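Here's the structure we're looking at; comments come further down.
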Amino acid sequence: MSQQSALEIALAHSMTEDEYETVLKMLGREPNYTEIGVISAMWSEHCSYKSSKKYLNGFPTKAPWVIQGPGENAGVIDIGDGYAAVFKMESHNHPSFIEPYQGAATGVGGIMRDVFTMGARPVASMNLIQFAGIEGDSATAKKHRFLLRGVVDGIGGYGNCMGVPTIGGQTGFEECYAGNNLVNAFNLGICKSDEIFLGVAEGIGNPVMYVGSKTGRDGLGGAVMSSAAFTEDNESKRPTVQVGDPFTEKLLLEACLELFKQDLIIGIQDMGAAGLTSSSFEMAGRTGSGMKMDLDKVPAREEGMTPYDFMLSESQERMLICAKAGCEQAVIDIFEKWELSAAVIGEVTDTGNMELYWHGELVSDIPIQPLSEEAPILDRPVAKPAYLETIEDVKMEKELSPTDAFDILWKSLEVVDKGYIYNQYDSMVQTNTIEGPGSLDGSVIRIKETGKALAMSADCNTRQCYINPELGSAAAVMEAGRNVAMSGARPLAITDCLNFGNPENPEVMWQFKHSCEGIKAACKELNTPVIGGNVSLYNETNGVGVFPTPAIATVGVNDDMNKVLGSSFKSEGNDLYLLGDTYSEFGGSLYLKEIEGKIAGTHPVVNFETELKLWDLVIEANKAGLLESAKDVNVGGVAIALAKMSAVGNMGCTANVSLENEKDIFSESLSRAIVEVKPENAEAFNALAKKIGLSHTSIGKTGGDSLSVNSVNKTINTVKEVYFNRFKEVIEQDL
């Protein structure tokens, strides 16, 4: 291979000329075809975080309850009584746009492997998915109805087959996702806190073993494909989308959990993006070891595969193991019992290099640490987006009555119940779900071994992030934590999935930089460290990028699973309180979008101290048995929050909120909630609120067959009819 042809191949693998020059210096020679494939994958945006690493440094990652922070397959927190929660969220955006079913399904499968690789049994899944508008007969609407149905089918199909409940999530619609829908998958598992396994390879001579499905050519180039913007030619990328098999993954899960009960292995790593390449380099790289592998010993399901194919394939349901010397057959026996492939394909060395052999011939020799150390860390140009110069100057021009405004907002697909989606998910399998999808705010499972409960929520208000990336990202952390707190659980840590446009655009990098600053500030002040996550860039098609979408998933613990607080009305005649202050804040609001047709305005005020007081009040009041229900106030304001509590609780309410402007019942001021209190507990609740120092106002009572909020009055039947039926009518309109 000549110098010119090697360079051409490198450029075709999305490597830059500067990166290629670095490779020449690192190797001291020209790379061969396999080495170009391996290095381009490791240096891809998807694997190296080369555009984002600069801004991820400085995230708060430590707390007394954090067992494992970023850098492993998943993060781990202590949940008491000798148990740990293992969780992470990752994106599968590009594959899901090309092939929605398999893209979403393999995203779910991949995140589950990240969790059970750590030694934990997956017990709960969530997702955050974003699409363009799906109403009407436009080509985009039809396309995204198809994408949404395929994504939901893929999430449900894989999760249901795995026997892991999908218990919550968020679905949003903005036109910026027309060329790139987002699919962010979250999974959480539980294990004993002293039985956690890491992705390491060490001990000279210890065997390196391949287990799971056989390797094919599916997914070749997936990591590199996800590190570039789309054009009209997306269909040609279909072969880069992996194909999943949840039944095989279920066998792999059970085999791994059986393996973990015996003292047979040093470390284990999921083969995710870049397959055997990333897993082998990461395992050896974490310990400074070397590794040699005989690629012809890798179990294959296709004829004529090459070393390049084996290293870059992203076939699903596979693991790489560093076993203890002498334990090889015991490992093989476990996986063969579960009808899975298992083979010794190499060993740990002290060379510091990754040596790849093909039928006895050395075909690649790459220094592991230099590959990591020389990986580009880019300092891309940043420039404040031009649209931000005028976005705050917005006027409310339409004169609508609160009733007319309510009717428009209440039928928004962002607001209405998504039963069409979550009814395709098995949310009750494993029989631990306390608050599942559709129950509003945080989702909750019991920890049957300890009597505690785990609450979780995945959130991001993309419009707020668009008008102010820093405050919007902070607000996303606040919102996810608030939803957890509304269930009575104390938020402990987050995982994130940072979805942005093309990093080669300075305005996108400005958005990313400021989004990270917002997350850092919020996590620090709210004491919810970041224990892992994912960055997804190049979410752009034909020059149109997505809104900044830093999806945040928060996990918290409730010490008593019998004191999980619901978010819908429980019984008639109870008092309703609005916690927190309401201002005339409509920046990035649903009201501005649906009624004024604008995504603009000044971001609502962010106050971390007030947010913490809100969490403390609800958590402490719930512990004392003073609350019947609690729901945070966010999209659509107080009116929409009360309407949701009524619809899901099948109960009316009468509320009168004293506000400066009648439109402010739709304001989206932050750090607010509505709580339901029995009259006999009102005095104790008011005393606690006063002690904590959070403003609170009595606004009405539950009961009756109508929803009455200031001048808005609707029968409960009317409210429920729209809430529970509208989404299904829209998504099925062309079936």
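Chain labels A, B, ... are given in the sequence in which chains occur in the structure tokens; within each chain residues are numbered consecutively from 1, and ligands are likewise numbered from 1 in the order shown.
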
Test item: residues at most 12 Å from Leu579 in chain A, only C-alpha atoms, excluding those fewer than 3 positions along its chain, as a tab-separated table (two decimals) with all heavy atoms, in the first residue's frame:
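Resulting contents of around26.tsv:
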```tsv
chain	number	residue	atom	x	y	z
A	486	MET	N	-40.49	14.31	43.79
A	486	MET	CA	-41.95	14.28	43.91
A	486	MET	C	-42.47	12.91	44.32
A	486	MET	O	-43.60	12.79	44.79
A	486	MET	CB	-42.61	14.71	42.60
A	486	MET	CG	-42.43	16.17	42.23
A	486	MET	SD	-42.98	17.36	43.48
A	486	MET	CE	-41.40	17.96	44.07
A	576	LEU	N	-55.21	21.72	48.36
A	576	LEU	CA	-54.17	21.82	47.34
A	576	LEU	C	-53.29	23.03	47.63
A	576	LEU	O	-53.80	24.12	47.90
A	576	LEU	CB	-54.79	21.95	45.94
A	576	LEU	CG	-55.55	20.73	45.43
A	576	LEU	CD1	-56.23	21.06	44.10
A	576	LEU	CD2	-54.63	19.53	45.27
A	582	THR	N	-44.58	31.92	41.31
A	582	THR	CA	-44.90	32.00	39.89
A	582	THR	C	-44.68	33.42	39.39
A	582	THR	O	-45.18	34.39	39.97
A	582	THR	CB	-46.37	31.61	39.64
A	582	THR	OG1	-46.59	30.27	40.11
A	582	THR	CG2	-46.71	31.69	38.15
A	610	THR	N	-33.69	27.45	45.98
A	610	THR	CA	-35.13	27.23	46.02
A	610	THR	C	-35.48	25.81	45.59
A	610	THR	O	-36.35	25.16	46.17
A	610	THR	CB	-35.85	28.24	45.10
A	610	THR	OG1	-35.53	29.56	45.53
A	610	THR	CG2	-37.36	28.04	45.15
A	611	GLU	N	-34.77	25.33	44.58
A	611	GLU	CA	-35.02	23.96	44.11
A	611	GLU	C	-34.77	22.95	45.22
A	611	GLU	O	-35.58	22.03	45.44
A	611	GLU	CB	-34.13	23.67	42.90
A	611	GLU	CG	-34.39	22.33	42.24
A	611	GLU	CD	-35.70	22.26	41.49
A	611	GLU	OE1	-36.18	23.30	41.00
A	611	GLU	OE2	-36.27	21.14	41.39
A	613	LYS	N	-34.86	23.46	48.42
A	613	LYS	CA	-35.91	23.61	49.44
A	613	LYS	C	-37.18	22.87	49.02
A	613	LYS	O	-37.86	22.25	49.85
A	613	LYS	CB	-36.21	25.09	49.68
A	613	LYS	CG	-35.13	25.83	50.46
A	613	LYS	CD	-35.51	27.29	50.66
A	613	LYS	CE	-34.45	28.03	51.47
A	613	LYS	NZ	-34.79	29.47	51.66
A	614	LEU	N	-37.50	22.94	47.74
A	614	LEU	CA	-38.68	22.24	47.23
A	614	LEU	C	-38.52	20.73	47.42
A	614	LEU	O	-39.43	20.04	47.89
A	614	LEU	CB	-38.89	22.58	45.75
A	614	LEU	CG	-40.05	21.88	45.06
A	614	LEU	CD1	-41.38	22.27	45.67
A	614	LEU	CD2	-40.05	22.20	43.56
A	615	TRP	N	-37.34	20.22	47.04
A	615	TRP	CA	-37.10	18.79	47.24
A	615	TRP	C	-37.22	18.42	48.72
A	615	TRP	O	-37.89	17.44	49.07
A	615	TRP	CB	-35.68	18.41	46.76
A	615	TRP	CG	-35.43	18.60	45.30
A	615	TRP	CD1	-36.26	19.14	44.37
A	615	TRP	CD2	-34.23	18.25	44.60
A	615	TRP	NE1	-35.66	19.15	43.13
A	615	TRP	CE2	-34.41	18.61	43.24
A	615	TRP	CE3	-33.02	17.67	44.98
A	615	TRP	CZ2	-33.43	18.41	42.27
A	615	TRP	CZ3	-32.04	17.47	44.03
A	615	TRP	CH2	-32.24	17.82	42.67
A	616	ASP	N	-36.57	19.22	49.56
A	616	ASP	CA	-36.56	18.92	51.00
A	616	ASP	C	-37.97	18.90	51.57
A	616	ASP	O	-38.32	18.01	52.36
A	616	ASP	CB	-35.71	19.95	51.76
A	616	ASP	CG	-34.23	19.80	51.48
A	616	ASP	OD1	-33.82	18.74	50.97
A	616	ASP	OD2	-33.48	20.76	51.76
A	617	LEU	N	-38.79	19.87	51.18
A	617	LEU	CA	-40.14	19.96	51.72
A	617	LEU	C	-40.96	18.73	51.34
A	617	LEU	O	-41.62	18.12	52.19
A	617	LEU	CB	-40.82	21.24	51.24
A	617	LEU	CG	-42.29	21.42	51.68
A	617	LEU	CD1	-42.42	21.32	53.20
A	617	LEU	CD2	-42.84	22.75	51.17
A	618	VAL	N	-40.94	18.38	50.07
A	618	VAL	CA	-41.74	17.23	49.64
A	618	VAL	C	-41.23	15.94	50.26
A	618	VAL	O	-42.02	15.10	50.73
A	618	VAL	CB	-41.76	17.14	48.10
A	618	VAL	CG1	-42.44	15.85	47.64
A	618	VAL	CG2	-42.47	18.34	47.50
A	630	ALA	N	-48.08	14.55	44.95
A	630	ALA	CA	-47.25	15.71	44.62
A	630	ALA	C	-46.90	15.65	43.14
A	630	ALA	O	-46.55	14.60	42.62
A	630	ALA	CB	-45.97	15.72	45.45
A	631	LYS	N	-47.03	16.80	42.48
A	631	LYS	CA	-46.68	16.87	41.05
A	631	LYS	C	-45.94	18.15	40.79
A	631	LYS	O	-46.34	19.23	41.23
A	631	LYS	CB	-47.96	16.83	40.20
A	631	LYS	CG	-47.77	17.31	38.78
A	631	LYS	CD	-48.10	16.26	37.77
A	631	LYS	CE	-47.70	16.66	36.38
A	631	LYS	NZ	-46.32	17.11	36.25
A	632	ASP	N	-44.82	18.05	40.05
A	632	ASP	CA	-44.10	19.27	39.74
A	632	ASP	C	-44.85	20.06	38.68
A	632	ASP	O	-45.66	19.53	37.93
A	632	ASP	CB	-42.66	18.96	39.30
A	632	ASP	CG	-42.55	18.63	37.83
A	632	ASP	OD1	-43.38	17.84	37.34
A	632	ASP	OD2	-41.65	19.14	37.17
A	633	VAL	N	-44.59	21.35	38.64
A	633	VAL	CA	-45.20	22.25	37.64
A	633	VAL	C	-44.13	22.55	36.61
A	633	VAL	O	-43.08	23.10	36.93
A	633	VAL	CB	-45.69	23.55	38.29
A	633	VAL	CG1	-46.25	24.50	37.22
A	633	VAL	CG2	-46.75	23.26	39.35
A	638	VAL	N	-49.26	25.80	35.80
A	638	VAL	CA	-50.14	25.29	36.85
A	638	VAL	C	-51.40	24.66	36.27
A	638	VAL	O	-51.85	23.60	36.72
A	638	VAL	CB	-50.52	26.43	37.82
A	638	VAL	CG1	-51.60	25.97	38.79
A	638	VAL	CG2	-49.29	26.91	38.59
A	657	VAL	N	-55.75	30.55	41.69
A	657	VAL	CA	-54.36	30.95	41.90
A	657	VAL	C	-54.24	32.45	41.70
A	657	VAL	O	-54.61	32.98	40.64
A	657	VAL	CB	-53.42	30.21	40.92
A	657	VAL	CG1	-51.97	30.48	41.28
A	657	VAL	CG2	-53.71	28.72	40.91
A	669	SER	N	-42.43	29.06	35.18
A	669	SER	CA	-41.44	29.32	36.23
A	669	SER	C	-40.97	27.99	36.82
A	669	SER	O	-41.74	27.03	36.93
A	669	SER	CB	-42.05	30.17	37.34
A	669	SER	OG	-42.35	31.46	36.87
A	670	LEU	N	-39.71	27.94	37.21
A	670	LEU	CA	-39.11	26.71	37.72
A	670	LEU	C	-39.35	26.53	39.22
A	670	LEU	O	-39.91	27.41	39.88
A	670	LEU	CB	-37.61	26.71	37.42
A	670	LEU	CG	-37.20	26.93	35.97
A	670	LEU	CD1	-35.68	26.95	35.85
A	670	LEU	CD2	-37.80	25.87	35.06
A	671	SER	N	-38.92	25.40	39.73
A	671	SER	CA	-38.91	25.11	41.18
A	671	SER	C	-40.29	25.25	41.80
A	671	SER	O	-40.45	25.87	42.86
A	671	SER	CB	-37.89	26.00	41.90
A	671	SER	OG	-36.61	25.86	41.32
A	672	ARG	N	-41.28	24.65	41.15
A	672	ARG	CA	-42.65	24.70	41.68
A	672	ARG	C	-43.27	23.30	41.69
A	672	ARG	O	-42.87	22.42	40.92
A	672	ARG	CB	-43.53	25.62	40.84
A	672	ARG	CG	-43.13	27.09	40.88
A	672	ARG	CD	-44.10	27.92	40.05
A	672	ARG	NE	-44.09	27.53	38.64
A	672	ARG	CZ	-45.08	27.79	37.79
A	672	ARG	NH1	-46.16	28.42	38.20
A	672	ARG	NH2	-44.98	27.41	36.53
A	673	ALA	N	-44.25	23.13	42.56
A	673	ALA	CA	-44.98	21.86	42.61
A	673	ALA	C	-46.36	22.09	43.21
A	673	ALA	O	-46.60	23.11	43.88
A	673	ALA	CB	-44.22	20.83	43.43
A	674	ILE	N	-47.24	21.15	42.96
A	674	ILE	CA	-48.57	21.14	43.59
A	674	ILE	C	-48.63	19.92	44.49
A	674	ILE	O	-48.26	18.82	44.07
A	674	ILE	CB	-49.68	21.09	42.53
A	674	ILE	CG1	-49.69	22.38	41.72
A	674	ILE	CG2	-51.04	20.85	43.18
A	674	ILE	CD1	-50.45	22.28	40.42
A	675	VAL	N	-49.06	20.11	45.72
A	675	VAL	CA	-49.20	18.98	46.64
A	675	VAL	C	-50.62	18.89	47.15
A	675	VAL	O	-51.33	19.90	47.28
A	675	VAL	CB	-48.21	19.08	47.83
A	675	VAL	CG1	-46.77	18.94	47.34
A	675	VAL	CG2	-48.40	20.35	48.61
A	676	GLU	N	-51.04	17.67	47.43
A	676	GLU	CA	-52.37	17.37	47.97
A	676	GLU	C	-52.22	16.97	49.43
A	676	GLU	O	-51.43	16.07	49.75
A	676	GLU	CB	-53.00	16.24	47.15
A	676	GLU	CG	-54.35	15.77	47.65
A	676	GLU	CD	-54.85	14.54	46.89
A	676	GLU	OE1	-54.12	14.04	46.00
A	676	GLU	OE2	-55.95	14.07	47.20
A	685	PHE	N	-48.25	20.52	57.89
A	685	PHE	CA	-47.58	20.78	56.62
A	685	PHE	C	-47.15	22.24	56.52
A	685	PHE	O	-46.02	22.54	56.11
A	685	PHE	CB	-48.49	20.42	55.44
A	685	PHE	CG	-47.90	20.82	54.12
A	685	PHE	CD1	-46.88	20.09	53.54
A	685	PHE	CD2	-48.33	21.97	53.46
A	685	PHE	CE1	-46.30	20.48	52.34
A	685	PHE	CE2	-47.77	22.37	52.26
A	685	PHE	CZ	-46.74	21.61	51.70
A	686	ASN	N	-48.03	23.13	56.88
A	686	ASN	CA	-47.70	24.56	56.83
A	686	ASN	C	-46.53	24.89	57.74
A	686	ASN	O	-45.66	25.71	57.39
A	686	ASN	CB	-48.93	25.39	57.22
A	686	ASN	CG	-49.91	25.53	56.07
A	686	ASN	OD1	-49.55	25.98	54.98
A	686	ASN	ND2	-51.15	25.13	56.30
A	689	ALA	N	-43.35	23.68	55.98
A	689	ALA	CA	-43.00	24.55	54.86
A	689	ALA	C	-42.37	25.85	55.36
A	689	ALA	O	-41.40	26.36	54.79
A	689	ALA	CB	-44.25	24.85	54.02
A	690	LYS	N	-42.92	26.37	56.45
A	690	LYS	CA	-42.39	27.60	57.04
A	690	LYS	C	-40.98	27.37	57.58
A	690	LYS	O	-40.07	28.20	57.42
A	690	LYS	CB	-43.31	28.09	58.15
A	690	LYS	CG	-42.93	29.45	58.71
A	690	LYS	CD	-43.97	29.93	59.72
A	690	LYS	CE	-43.59	31.31	60.27
A	690	LYS	NZ	-44.59	31.80	61.25
A	692	ILE	N	-38.77	25.12	56.57
A	692	ILE	CA	-37.82	24.95	55.46
A	692	ILE	C	-37.61	26.26	54.71
A	692	ILE	O	-36.55	26.51	54.14
A	692	ILE	CB	-38.30	23.82	54.52
A	692	ILE	CG1	-38.12	22.47	55.25
A	692	ILE	CG2	-37.58	23.83	53.18
A	692	ILE	CD1	-38.65	21.27	54.51
A	693	GLY	N	-38.62	27.13	54.75
A	693	GLY	CA	-38.46	28.45	54.15
A	693	GLY	C	-38.85	28.53	52.69
A	693	GLY	O	-38.29	29.33	51.93
A	694	LEU	N	-39.84	27.72	52.30
A	694	LEU	CA	-40.30	27.74	50.91
A	694	LEU	C	-41.69	28.36	50.85
A	694	LEU	O	-42.58	28.00	51.62
A	694	LEU	CB	-40.35	26.32	50.34
A	694	LEU	CG	-40.75	26.22	48.87
A	694	LEU	CD1	-39.65	26.76	47.97
A	694	LEU	CD2	-41.07	24.77	48.50
A	695	SER	N	-41.87	29.28	49.92
A	695	SER	CA	-43.19	29.91	49.80
A	695	SER	C	-44.21	28.87	49.36
A	695	SER	O	-43.93	28.00	48.53
A	695	SER	CB	-43.15	31.05	48.78
A	695	SER	OG	-42.81	30.58	47.50
A	696	HIS	N	-45.39	28.93	49.94
A	696	HIS	CA	-46.45	27.98	49.63
A	696	HIS	C	-47.80	28.67	49.79
A	696	HIS	O	-47.98	29.49	50.69
A	696	HIS	CB	-46.36	26.76	50.54
A	696	HIS	CG	-46.48	27.07	52.00
A	696	HIS	ND1	-45.51	27.78	52.70
A	696	HIS	CD2	-47.46	26.79	52.90
A	696	HIS	CE1	-45.88	27.91	53.96
A	696	HIS	NE2	-47.06	27.33	54.11
A	697	THR	N	-48.72	28.34	48.92
A	697	THR	CA	-50.01	29.01	48.90
A	697	THR	C	-51.12	28.00	48.77
A	697	THR	O	-51.06	27.10	47.91
A	697	THR	CB	-50.11	29.98	47.70
A	697	THR	OG1	-48.96	30.82	47.68
A	697	THR	CG2	-51.37	30.81	47.77
A	698	SER	N	-52.15	28.13	49.60
A	698	SER	CA	-53.34	27.29	49.46
A	698	SER	C	-54.12	27.77	48.23
A	698	SER	O	-54.43	28.96	48.11
A	698	SER	CB	-54.21	27.39	50.72
A	698	SER	OG	-55.41	26.69	50.54
A	699	ILE	N	-54.39	26.85	47.30
A	699	ILE	CA	-55.06	27.28	46.06
A	699	ILE	C	-56.40	26.61	45.82
A	699	ILE	O	-57.10	26.96	44.86
A	699	ILE	CB	-54.15	27.04	44.83
A	699	ILE	CG1	-53.80	25.55	44.70
A	699	ILE	CG2	-52.90	27.89	44.89
A	699	ILE	CD1	-53.10	25.19	43.38
```

Taking the DSSP assignment computed from this structure's backbone, write out as a PyMOL selection string all residues of range 539-725 of chain A that belong to strand (DSSP E or B).
chain A and resi 540-541+544-545+549-558+566+575-579+629-632+653-655+673-677+696-702+706-709+712-715

Set the distance at 10 Å and use only C-alpha atoms: which residues neighbour Phe512 in chain A once local chain neighbours fewer than 2 positions away are removed? I'd like the list as a PDB file with C-alpha atoms, in the first residue's frame.
```pdb
ATOM      1  CA  SER A  51     -14.615  17.468  20.406  1.00  0.00           C
ATOM      2  CA  SER A  52     -16.313  17.193  23.788  1.00  0.00           C
ATOM      3  CA  TYR A  55     -15.773  20.495  28.297  1.00  0.00           C
ATOM      4  CA  LEU A  56     -16.596  17.256  30.122  1.00  0.00           C
ATOM      5  CA  VAL A 382     -16.790  28.606  19.479  1.00  0.00           C
ATOM      6  CA  PRO A 469     -28.114  26.360  26.574  1.00  0.00           C
ATOM      7  CA  GLU A 470     -26.551  26.975  29.981  1.00  0.00           C
ATOM      8  CA  SER A 473     -29.251  22.412  30.788  1.00  0.00           C
ATOM      9  CA  LEU A 498     -25.616  15.073  25.381  1.00  0.00           C
ATOM     10  CA  ASN A 499     -27.194  15.334  21.920  1.00  0.00           C
ATOM     11  CA  PHE A 500     -25.966  18.194  19.724  1.00  0.00           C
ATOM     12  CA  GLY A 501     -25.447  19.157  16.102  1.00  0.00           C
ATOM     13  CA  PRO A 503     -19.214  20.215  16.254  1.00  0.00           C
ATOM     14  CA  PRO A 506     -18.630  27.058  16.079  1.00  0.00           C
ATOM     15  CA  GLU A 507     -22.165  27.918  17.162  1.00  0.00           C
ATOM     16  CA  VAL A 508     -22.852  24.279  18.047  1.00  0.00           C
ATOM     17  CA  MET A 509     -19.655  24.099  20.080  1.00  0.00           C
ATOM     18  CA  TRP A 510     -20.700  27.270  21.891  1.00  0.00           C
ATOM     19  CA  HIS A 514     -22.431  26.386  27.816  1.00  0.00           C
ATOM     20  CA  SER A 515     -24.640  23.337  28.244  1.00  0.00           C
ATOM     21  CA  CYS A 516     -21.801  21.605  30.082  1.00  0.00           C
ATOM     22  CA  GLU A 517     -21.360  24.649  32.316  1.00  0.00           C
ATOM     23  CA  GLY A 518     -25.047  24.499  33.225  1.00  0.00           C
ATOM     24  CA  LEU A 537     -22.645  14.891  18.054  1.00  0.00           C
ATOM     25  CA  PRO A 548     -29.235  21.312  22.188  1.00  0.00           C
ATOM     26  CA  THR A 549     -30.687  18.235  23.902  1.00  0.00           C
ATOM     27  CA  PRO A 550     -28.779  17.329  27.067  1.00  0.00           C
TER      28      PRO A 550
END
```

Length of the CA of Phe586 in chain A to CA of Ser667 in chain A vector [Å]
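CA of Phe586 in chain A sits 5.6 Å away from CA of Ser667 in chain A.
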
Applying 8 Å and only C-alpha atoms, which residues near Ile111 in chain A remain after dropping the ones on its own chain fewer than 6 positions away? List them as a ChimeraX atom specification.
/A:88-90,185-187

For Ile268 in chain A: contacts at 6 Å, only C-alpha atoms, fewer than 3 positions along chain excluded, given as an MDAnalysis selection string:
chainID A and resid 199 320:321

Create the file for the chosen residues now, containing all heavy atoms and written as a short mmCIF file (atom, residue, chain, number, x, y, z; two decimals), in the first residue's frame.
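File again.cif, as written:
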```
data_model
loop_
_atom_site.label_atom_id
_atom_site.label_comp_id
_atom_site.auth_asym_id
_atom_site.auth_seq_id
_atom_site.Cartn_x
_atom_site.Cartn_y
_atom_site.Cartn_z
N GLY A 199 -14.16 -3.44 33.59
CA GLY A 199 -13.66 -3.79 32.27
C GLY A 199 -12.15 -3.66 32.20
O GLY A 199 -11.64 -2.72 31.57
N LEU A 320 -16.09 -9.44 25.82
CA LEU A 320 -14.68 -9.81 25.88
C LEU A 320 -14.32 -9.99 27.35
O LEU A 320 -14.65 -9.12 28.18
CB LEU A 320 -13.81 -8.74 25.23
CG LEU A 320 -12.36 -9.14 24.94
CD1 LEU A 320 -12.32 -10.26 23.89
CD2 LEU A 320 -11.56 -7.94 24.45
N ILE A 321 -13.68 -11.08 27.67
CA ILE A 321 -13.37 -11.42 29.06
C ILE A 321 -11.87 -11.60 29.23
O ILE A 321 -11.20 -12.19 28.37
CB ILE A 321 -14.09 -12.73 29.47
CG1 ILE A 321 -15.60 -12.49 29.59
CG2 ILE A 321 -13.53 -13.30 30.77
CD1 ILE A 321 -16.39 -13.77 29.83
#
```

With a distance cut-off of 8 Å and only C-alpha atoms, select the neighbouring residues of Asp245 in chain A, excluding the residue or stretch itself and same-chain residues fewer than 3 positions from it, and output the selection as a list in words.
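That gives Tyr158, Thr248, Glu249, Gln316 and Glu317 of chain A.
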
Do a neighbour search on Pro246 in chain A at 9 Å with only C-alpha atoms, toss out local chain neighbours closer than 3 positions, and write the hits as a list of chain:residue names.
A:Ala105, A:Thr106, A:Gly109, A:Gly157, A:Tyr158, A:Gly159, A:Asn160, A:Cys161, A:Met162, A:Glu249, A:Lys250, A:Leu251, A:Glu317

Would you work out the distance separating CA of Glu504 in chain A from CA of Cys465 in chain A, expressed in Å to one decimal?
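One can read the CA of Glu504 in chain A to CA of Cys465 in chain A distance as 19.5 Å.
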
Rounded to one decimal, what separation in Å do you get between CA of Glu585 in chain A and CA of Ser457 in chain A?
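If I compute the distance from CA of Glu585 in chain A to CA of Ser457 in chain A, I get 24.2 Å.
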
Looking at A:Gly136, A:Asp426, A:Ala255, A:Gly107, which one is nearest to Gly163 in chain A, with distances taken over only C-alpha atoms?
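The shortest atom-to-atom distance to Gly163 in chain A comes from A:Asp426.
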
Extract the full set of alpha helix (DSSP H) residues from range 382-462 of chain A according to DSSP on the backbone, and format it as a list in words.
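Answer for range 382-462 of chain A, restricted to alpha helix (DSSP H): Pro402, Thr403, Asp404, Ala405, Phe406, Asp407, Ile408, Leu409, Trp410, Gly419, Tyr420, Ile421, Tyr422 and Thr462 of chain A.
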
Output for the residues just chosen: C-alpha atoms as a short mmCIF file (atom, residue, chain, number, x, y, z; two decimals), in the first residue's frame:
```cif
data_model
loop_
_atom_site.label_atom_id
_atom_site.label_comp_id
_atom_site.auth_asym_id
_atom_site.auth_seq_id
_atom_site.Cartn_x
_atom_site.Cartn_y
_atom_site.Cartn_z
CA PRO A 402 -57.44 31.37 29.29
CA THR A 403 -60.06 28.80 28.28
CA ASP A 404 -59.15 28.98 24.60
CA ALA A 405 -55.46 28.85 25.45
CA PHE A 406 -56.05 25.82 27.69
CA ASP A 407 -57.84 23.97 24.89
CA ILE A 408 -54.88 24.50 22.56
CA LEU A 409 -52.24 23.50 25.10
CA TRP A 410 -54.17 20.54 26.48
CA GLY A 419 -50.45 5.31 26.30
CA TYR A 420 -50.05 4.26 22.66
CA ILE A 421 -46.30 4.16 23.32
CA TYR A 422 -45.96 2.78 26.82
CA THR A 462 -35.20 21.29 24.46
#
```

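Proximity to Arg482 in chain A was assessed for A:Asn542, A:Thr554, A:Thr22, A:Thr715 counting only C-alpha atoms; the smallest distance is recorded for A:Thr554.
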
Of the candidates A:Leu252, A:Met112, A:Leu257, A:Ala132, which shows the shortest atom-to-atom distance to Cys176 in chain A, using only C-alpha atoms?
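Using only C-alpha atoms, Cys176 in chain A sits closest to A:Ala132.
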
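With distances restricted to only C-alpha atoms, A:Trp65 is the closest residue to Gly82 in chain A from A:Phe131, A:Trp65, A:Phe247, A:Tyr577.
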
Residue nearest Leu592 in chain A - candidates A:Ile155, A:Ala684, A:Val635, A:Leu312, atoms counted: only C-alpha atoms
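Result for the nearest residue to Leu592 in chain A: A:Val635.
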